[in-house]
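Beneath this line is the structure, given in structure tokens, with notes to follow.
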Amino acid sequence: MCIGWAVNASAQQPQRDIVGLTLGVELRTLLNPNVFNLDSTVLIDPAQNFRAVYRYSGGFGFGGILRIKLTDLWNIETGINYTRRNYSIRIDDLQTPFNDNTEVRLVGYEIPLKALIYVQLGEKIFVNVAMGGSVDFFASDISSLQRTYNFRAFKRGSFVKGAVIGSLGAEYRTEESGYFYIGSSFHQTLGDIMITEVNYYREEDPGQPAFVGRQRGVLDGAYFSVDFRYFFPVQKPRRQPVRYIKPDWKNM
């Protein structure tokens, strides 16, 4: 009886708060690097027959976020993101008036891990800065096959790449409606993510394109983004009231 009373009394003790977990979703607009004066990639064959120019033209991404609260100052963020980078390609024949444009899309997945620190500016407004790394996966090679040219981008070595990431943003927090975040991010892959190859054919005879040349380059994979996030309301554990049980001394 004494043991049963002790277990029952222990079960009535108030629960301690555990490390906070916050779940959220994210939508990102990947910016055109020309905004930051980043150059396009230009490929010209040694015989000066053709020129290929390709550049990153933006994209979008979305995913889920898990934020782990360690202290009142420090947090850890992770999750998984889908990204789609768009590239525009222009081909110019330097010996004839021919030129053409096309686009390709590169799909990837990212698993980030960031350390986040935030500063409270008002009752419900917080500014945060995060730094960390990411593991990037690329779904497949990409290509664009045209009558007189083709563009290919294929993986160099492993399909898994590392990246350095950072972000800066502000969020508005409410207990009932969740957290609303807007900010910007930078994503820099460690090394080139793909090798590019352009093959050009000239239609010297009707219906008989003749091979002119081939050039290779690389894709860097870096991007800036504008991020919109929503974190679901945090469900705080309810505290059970402490109940004291009067022992039954007669039956002990």
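We name chains A, B, ... following the order of the structure tokens; residues begin at 1 in each chain, and ligands are numbered from 1 as shown.
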
*How would you write, as number ranges by chain, the set of residues in stretch 21-161 of chain A that DSSP gives as strand (DSSP E)?*
A: 21-30, 41-44, 50-69, 74-93, 99-120, 125-138, 142-145, 149-155, 160-161

*Write out as a PyMOL selection string the residues lying within 9 Å of stretch 87-102 of chain A, counting only C-alpha atoms and excluding same-chain residues fewer than 6 positions away.*
chain A and resi 48-59+144+149+151+200+202

For the residues in the current selection, export N, CA and C atoms as a PDB file, in the first residue's frame.
ATOM      1  N   GLN A  48      35.995  30.220 -83.584  1.00  0.00           N
ATOM      2  CA  GLN A  48      35.099  31.373 -83.668  1.00  0.00           C
ATOM      3  C   GLN A  48      33.888  31.111 -84.574  1.00  0.00           C
ATOM      4  N   ASN A  49      33.368  29.889 -84.498  1.00  0.00           N
ATOM      5  CA  ASN A  49      32.198  29.548 -85.312  1.00  0.00           C
ATOM      6  C   ASN A  49      30.889  29.861 -84.589  1.00  0.00           C
ATOM      7  N   PHE A  50      30.842  29.633 -83.287  1.00  0.00           N
ATOM      8  CA  PHE A  50      29.595  29.879 -82.570  1.00  0.00           C
ATOM      9  C   PHE A  50      29.900  30.308 -81.143  1.00  0.00           C
ATOM     10  N   ARG A  51      28.883  30.896 -80.523  1.00  0.00           N
ATOM     11  CA  ARG A  51      28.990  31.334 -79.129  1.00  0.00           C
ATOM     12  C   ARG A  51      27.736  30.863 -78.390  1.00  0.00           C
ATOM     13  N   ALA A  52      27.932  30.359 -77.170  1.00  0.00           N
ATOM     14  CA  ALA A  52      26.820  29.954 -76.307  1.00  0.00           C
ATOM     15  C   ALA A  52      26.922  30.744 -75.001  1.00  0.00           C
ATOM     16  N   VAL A  53      25.817  31.362 -74.624  1.00  0.00           N
ATOM     17  CA  VAL A  53      25.762  32.145 -73.382  1.00  0.00           C
ATOM     18  C   VAL A  53      24.611  31.610 -72.542  1.00  0.00           C
ATOM     19  N   TYR A  54      24.905  31.239 -71.305  1.00  0.00           N
ATOM     20  CA  TYR A  54      23.827  30.813 -70.418  1.00  0.00           C
ATOM     21  C   TYR A  54      23.975  31.516 -69.069  1.00  0.00           C
ATOM     22  N   ARG A  55      22.828  31.744 -68.440  1.00  0.00           N
ATOM     23  CA  ARG A  55      22.821  32.436 -67.161  1.00  0.00           C
ATOM     24  C   ARG A  55      21.665  31.930 -66.315  1.00  0.00           C
ATOM     25  N   TYR A  56      21.848  32.045 -65.029  1.00  0.00           N
ATOM     26  CA  TYR A  56      20.795  31.686 -64.084  1.00  0.00           C
ATOM     27  C   TYR A  56      19.729  32.771 -64.104  1.00  0.00           C
ATOM     28  N   SER A  57      18.467  32.378 -64.278  1.00  0.00           N
ATOM     29  CA  SER A  57      17.398  33.367 -64.446  1.00  0.00           C
ATOM     30  C   SER A  57      16.343  33.287 -63.347  1.00  0.00           C
ATOM     31  N   GLY A  58      16.718  32.771 -62.181  1.00  0.00           N
ATOM     32  CA  GLY A  58      15.788  32.739 -61.061  1.00  0.00           C
ATOM     33  C   GLY A  58      15.130  31.385 -60.890  1.00  0.00           C
ATOM     34  N   GLY A  59      14.113  31.341 -60.029  1.00  0.00           N
ATOM     35  CA  GLY A  59      13.408  30.100 -59.763  1.00  0.00           C
ATOM     36  C   GLY A  59      12.561  30.238 -58.520  1.00  0.00           C
ATOM     37  N   SER A 144      18.527  20.127 -73.359  1.00  0.00           N
ATOM     38  CA  SER A 144      17.626  20.741 -74.324  1.00  0.00           C
ATOM     39  C   SER A 144      18.139  20.370 -75.709  1.00  0.00           C
ATOM     40  N   TYR A 149      21.364  22.497 -82.429  1.00  0.00           N
ATOM     41  CA  TYR A 149      22.242  22.537 -81.254  1.00  0.00           C
ATOM     42  C   TYR A 149      21.587  21.767 -80.111  1.00  0.00           C
ATOM     43  N   PHE A 151      22.016  21.373 -75.620  1.00  0.00           N
ATOM     44  CA  PHE A 151      22.641  21.795 -74.364  1.00  0.00           C
ATOM     45  C   PHE A 151      22.418  20.695 -73.341  1.00  0.00           C
ATOM     46  N   TYR A 200      27.006  22.285 -81.429  1.00  0.00           N
ATOM     47  CA  TYR A 200      26.355  23.111 -82.446  1.00  0.00           C
ATOM     48  C   TYR A 200      26.515  22.484 -83.826  1.00  0.00           C
ATOM     49  N   ARG A 202      25.500  23.191 -88.071  1.00  0.00           N
ATOM     50  CA  ARG A 202      25.105  24.214 -89.045  1.00  0.00           C
ATOM     51  C   ARG A 202      24.447  23.538 -90.242  1.00  0.00           C
TER      52      ARG A 202
END

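Take atom CA of A:Leu43 and atom CA of A:Tyr201: the distance between them is 15.2 Å.
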
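With distances restricted to only C-alpha atoms, A:Ile65 is the closest residue to A:Gly24 from A:Ile65, A:Leu106, A:Leu219, A:Val234.
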
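Between A:Gly169 and the residues A:Gln146, A:Ser134, A:Asn128, A:Thr189, the shortest atom-to-atom distance, using only C-alpha atoms, involves A:Asn128.
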
*Which of these, A:Ile165, A:Ile117, A:Val25, A:Ile44, has the shortest distance to A:Gly213 once you count only C-alpha atoms?*
A:Ile44

_Residues within 7 Å of A:Val107, please, as a PyMOL selection string. Count only C-alpha atoms; anything in the same chain fewer than 4 positions from it doesn't count._
chain A and resi 83-85+138-139

Output file for the residues above (N, CA and C atoms, as a PDB file, in the first residue's frame):
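Wrote it out as again.pdb, contents follow:
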ATOM      1  N   THR A  83      13.776  22.833 -54.653  1.00  0.00           N
ATOM      2  CA  THR A  83      14.168  24.033 -55.401  1.00  0.00           C
ATOM      3  C   THR A  83      14.139  23.746 -56.901  1.00  0.00           C
ATOM      4  N   ARG A  84      13.820  24.776 -57.652  1.00  0.00           N
ATOM      5  CA  ARG A  84      13.892  24.681 -59.108  1.00  0.00           C
ATOM      6  C   ARG A  84      14.601  25.913 -59.637  1.00  0.00           C
ATOM      7  N   ARG A  85      15.790  25.708 -60.182  1.00  0.00           N
ATOM      8  CA  ARG A  85      16.568  26.779 -60.783  1.00  0.00           C
ATOM      9  C   ARG A  85      16.295  26.813 -62.284  1.00  0.00           C
ATOM     10  N   PHE A 138      20.543  16.526 -56.332  1.00  0.00           N
ATOM     11  CA  PHE A 138      20.015  16.928 -57.630  1.00  0.00           C
ATOM     12  C   PHE A 138      19.371  15.723 -58.298  1.00  0.00           C
ATOM     13  N   ALA A 139      18.120  15.930 -58.740  1.00  0.00           N
ATOM     14  CA  ALA A 139      17.297  14.801 -59.166  1.00  0.00           C
ATOM     15  C   ALA A 139      17.849  14.106 -60.405  1.00  0.00           C
TER      16      ALA A 139
END

Compile a residue-level contact table for stretch 86-202 of chain A against stretch 69-82 of chain A at a cut-off of 8 Å, reporting for every qualifying residue the shortest atom pair and its distance in Å to one decimal, with only C-alpha atoms counted, rows ordered by chain and ascending number, as a tab-separated table.
residue	atom	partner	partner_atom	distance
A:Val107	CA	A:Tyr82	CA	7.5
A:Gly108	CA	A:Tyr82	CA	6.1
A:Tyr109	CA	A:Tyr82	CA	4.7
A:Glu110	CA	A:Asn81	CA	5.1
A:Ile111	CA	A:Ile80	CA	4.7
A:Pro112	CA	A:Thr78	CA	5.3
A:Leu113	CA	A:Thr78	CA	4.7
A:Lys114	CA	A:Glu77	CA	5.2
A:Ala115	CA	A:Ile76	CA	4.8
A:Leu116	CA	A:Asn75	CA	5.0
A:Ile117	CA	A:Trp74	CA	4.9
A:Tyr118	CA	A:Leu73	CA	6.2
A:Val119	CA	A:Leu73	CA	7.6

*Which residue, A:Glu123, A:Asp227, A:Glu26, A:Glu203, has the smallest gap to A:Ile182 when you use only C-alpha atoms?*
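With only C-alpha atoms as the atom set, the closest residue is A:Asp227.
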
*May I ask which of the residues A:Ala163, A:Leu21, A:Val42, A:Val218 is the closest one to A:Gly132, counting only C-alpha atoms?*
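Among the listed residues, the smallest separation from A:Gly132 belongs to A:Ala163.
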
_Picked from stretch 1-210 of chain A by DSSP as helix (DSSP H, G or I), as a PyMOL selection string_ = chain A and resi 2-11+33-36

Could you save those same residues with all heavy atoms as a CSV table (one decimal), in the first residue's frame?
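Final file, part_3.csv:
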chain,number,residue,atom,x,y,z
A,2,CYS,N,2.0,1.2,0.7
A,2,CYS,CA,2.8,2.4,0.8
A,2,CYS,C,3.5,2.7,-0.5
A,2,CYS,O,3.6,3.8,-0.9
A,2,CYS,CB,3.9,2.1,1.9
A,2,CYS,SG,5.0,3.5,2.2
A,3,ILE,N,3.9,1.6,-1.3
A,3,ILE,CA,4.5,1.8,-2.6
A,3,ILE,C,3.4,2.3,-3.5
A,3,ILE,O,3.7,3.3,-4.3
A,3,ILE,CB,5.0,0.4,-3.1
A,3,ILE,CG1,6.2,-0.1,-2.2
A,3,ILE,CG2,5.5,0.6,-4.6
A,3,ILE,CD1,6.7,-1.4,-2.6
A,4,GLY,N,2.2,1.8,-3.5
A,4,GLY,CA,1.2,2.3,-4.4
A,4,GLY,C,0.9,3.8,-4.2
A,4,GLY,O,0.6,4.5,-5.1
A,5,TRP,N,0.8,4.2,-2.9
A,5,TRP,CA,0.6,5.6,-2.6
A,5,TRP,C,1.7,6.5,-3.1
A,5,TRP,O,1.5,7.6,-3.6
A,5,TRP,CB,0.4,5.7,-1.1
A,5,TRP,CG,0.4,7.2,-0.7
A,5,TRP,CD1,-0.7,8.0,-0.8
A,5,TRP,CD2,1.4,7.9,0.0
A,5,TRP,NE1,-0.4,9.3,-0.3
A,5,TRP,CE2,0.9,9.2,0.2
A,5,TRP,CE3,2.7,7.7,0.4
A,5,TRP,CZ2,1.7,10.2,0.8
A,5,TRP,CZ3,3.5,8.6,1.0
A,5,TRP,CH2,2.9,9.9,1.2
A,6,ALA,N,2.9,6.0,-3.0
A,6,ALA,CA,4.1,6.8,-3.5
A,6,ALA,C,4.0,7.0,-5.0
A,6,ALA,O,4.3,8.1,-5.5
A,6,ALA,CB,5.4,6.2,-3.1
A,7,VAL,N,3.7,5.9,-5.8
A,7,VAL,CA,3.6,6.1,-7.2
A,7,VAL,C,2.5,7.0,-7.6
A,7,VAL,O,2.6,7.8,-8.5
A,7,VAL,CB,3.4,4.7,-7.8
A,7,VAL,CG1,3.1,4.8,-9.3
A,7,VAL,CG2,4.6,3.8,-7.6
A,8,ASN,N,1.3,6.9,-6.9
A,8,ASN,CA,0.2,7.7,-7.3
A,8,ASN,C,0.5,9.2,-7.0
A,8,ASN,O,0.1,10.1,-7.8
A,8,ASN,CB,-1.0,7.2,-6.4
A,8,ASN,CG,-2.3,7.8,-7.0
A,8,ASN,OD1,-2.3,8.4,-8.0
A,8,ASN,ND2,-3.4,7.7,-6.2
A,9,ALA,N,1.2,9.4,-5.9
A,9,ALA,CA,1.5,10.8,-5.6
A,9,ALA,C,2.5,11.4,-6.6
A,9,ALA,O,2.4,12.6,-7.0
A,9,ALA,CB,2.1,10.9,-4.2
A,10,SER,N,3.5,10.5,-7.1
A,10,SER,CA,4.4,11.0,-8.0
A,10,SER,C,3.8,11.3,-9.4
A,10,SER,O,4.2,12.3,-10.0
A,10,SER,CB,5.5,9.9,-8.2
A,10,SER,OG,6.4,10.3,-9.2
A,11,ALA,N,2.7,10.6,-9.8
A,11,ALA,CA,2.1,10.8,-11.0
A,11,ALA,C,1.3,12.1,-11.0
A,11,ALA,O,1.0,12.7,-12.1
A,11,ALA,CB,1.1,9.7,-11.3
A,33,PRO,N,20.5,36.4,-60.5
A,33,PRO,CA,21.8,37.0,-60.1
A,33,PRO,C,22.2,38.3,-60.7
A,33,PRO,O,23.1,39.0,-60.2
A,33,PRO,CB,22.8,35.9,-60.4
A,33,PRO,CG,22.0,34.6,-60.5
A,33,PRO,CD,20.7,35.1,-61.1
A,34,ASN,N,21.6,38.6,-61.9
A,34,ASN,CA,21.9,39.9,-62.5
A,34,ASN,C,21.7,41.1,-61.6
A,34,ASN,O,22.2,42.2,-61.8
A,34,ASN,CB,21.2,40.1,-63.8
A,34,ASN,CG,21.7,39.2,-64.9
A,34,ASN,OD1,22.8,38.6,-64.8
A,34,ASN,ND2,21.0,39.0,-66.0
A,35,VAL,N,20.8,40.9,-60.7
A,35,VAL,CA,20.5,42.0,-59.7
A,35,VAL,C,21.8,42.3,-58.9
A,35,VAL,O,22.0,43.4,-58.5
A,35,VAL,CB,19.4,41.5,-58.7
A,35,VAL,CG1,19.1,42.6,-57.7
A,35,VAL,CG2,18.1,41.3,-59.5
A,36,PHE,N,22.6,41.3,-58.7
A,36,PHE,CA,23.9,41.5,-58.0
A,36,PHE,C,25.1,41.6,-58.9
A,36,PHE,O,26.2,41.3,-58.4
A,36,PHE,CB,24.0,40.3,-57.0
A,36,PHE,CG,22.8,40.2,-56.0
A,36,PHE,CD1,21.8,39.3,-56.3
A,36,PHE,CD2,22.8,40.9,-54.9
A,36,PHE,CE1,20.7,39.2,-55.5
A,36,PHE,CE2,21.7,40.8,-54.0
A,36,PHE,CZ,20.7,40.0,-54.3

_Report, in Å with one decimal, the straight-line distance from atom CA of A:Asp45 to atom CA of A:Leu190._
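Atom-to-atom, atom CA of A:Asp45 and atom CA of A:Leu190 are spaced 27.9 Å apart.
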
*asked:* Using only C-alpha atoms, can you tell me which of A:Gln188, A:Ser143, A:Gln208, A:Gln120 comes closest to A:Gly162?
replied: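 Looking at the shortest contact to A:Gly162, the residue is A:Gln188.
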
*For atom CA of A:Leu145 and atom CA of A:Glu204, quote the distance in Å rounded to one decimal.*
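Distance reported for this atom pair: 19.1 Å.
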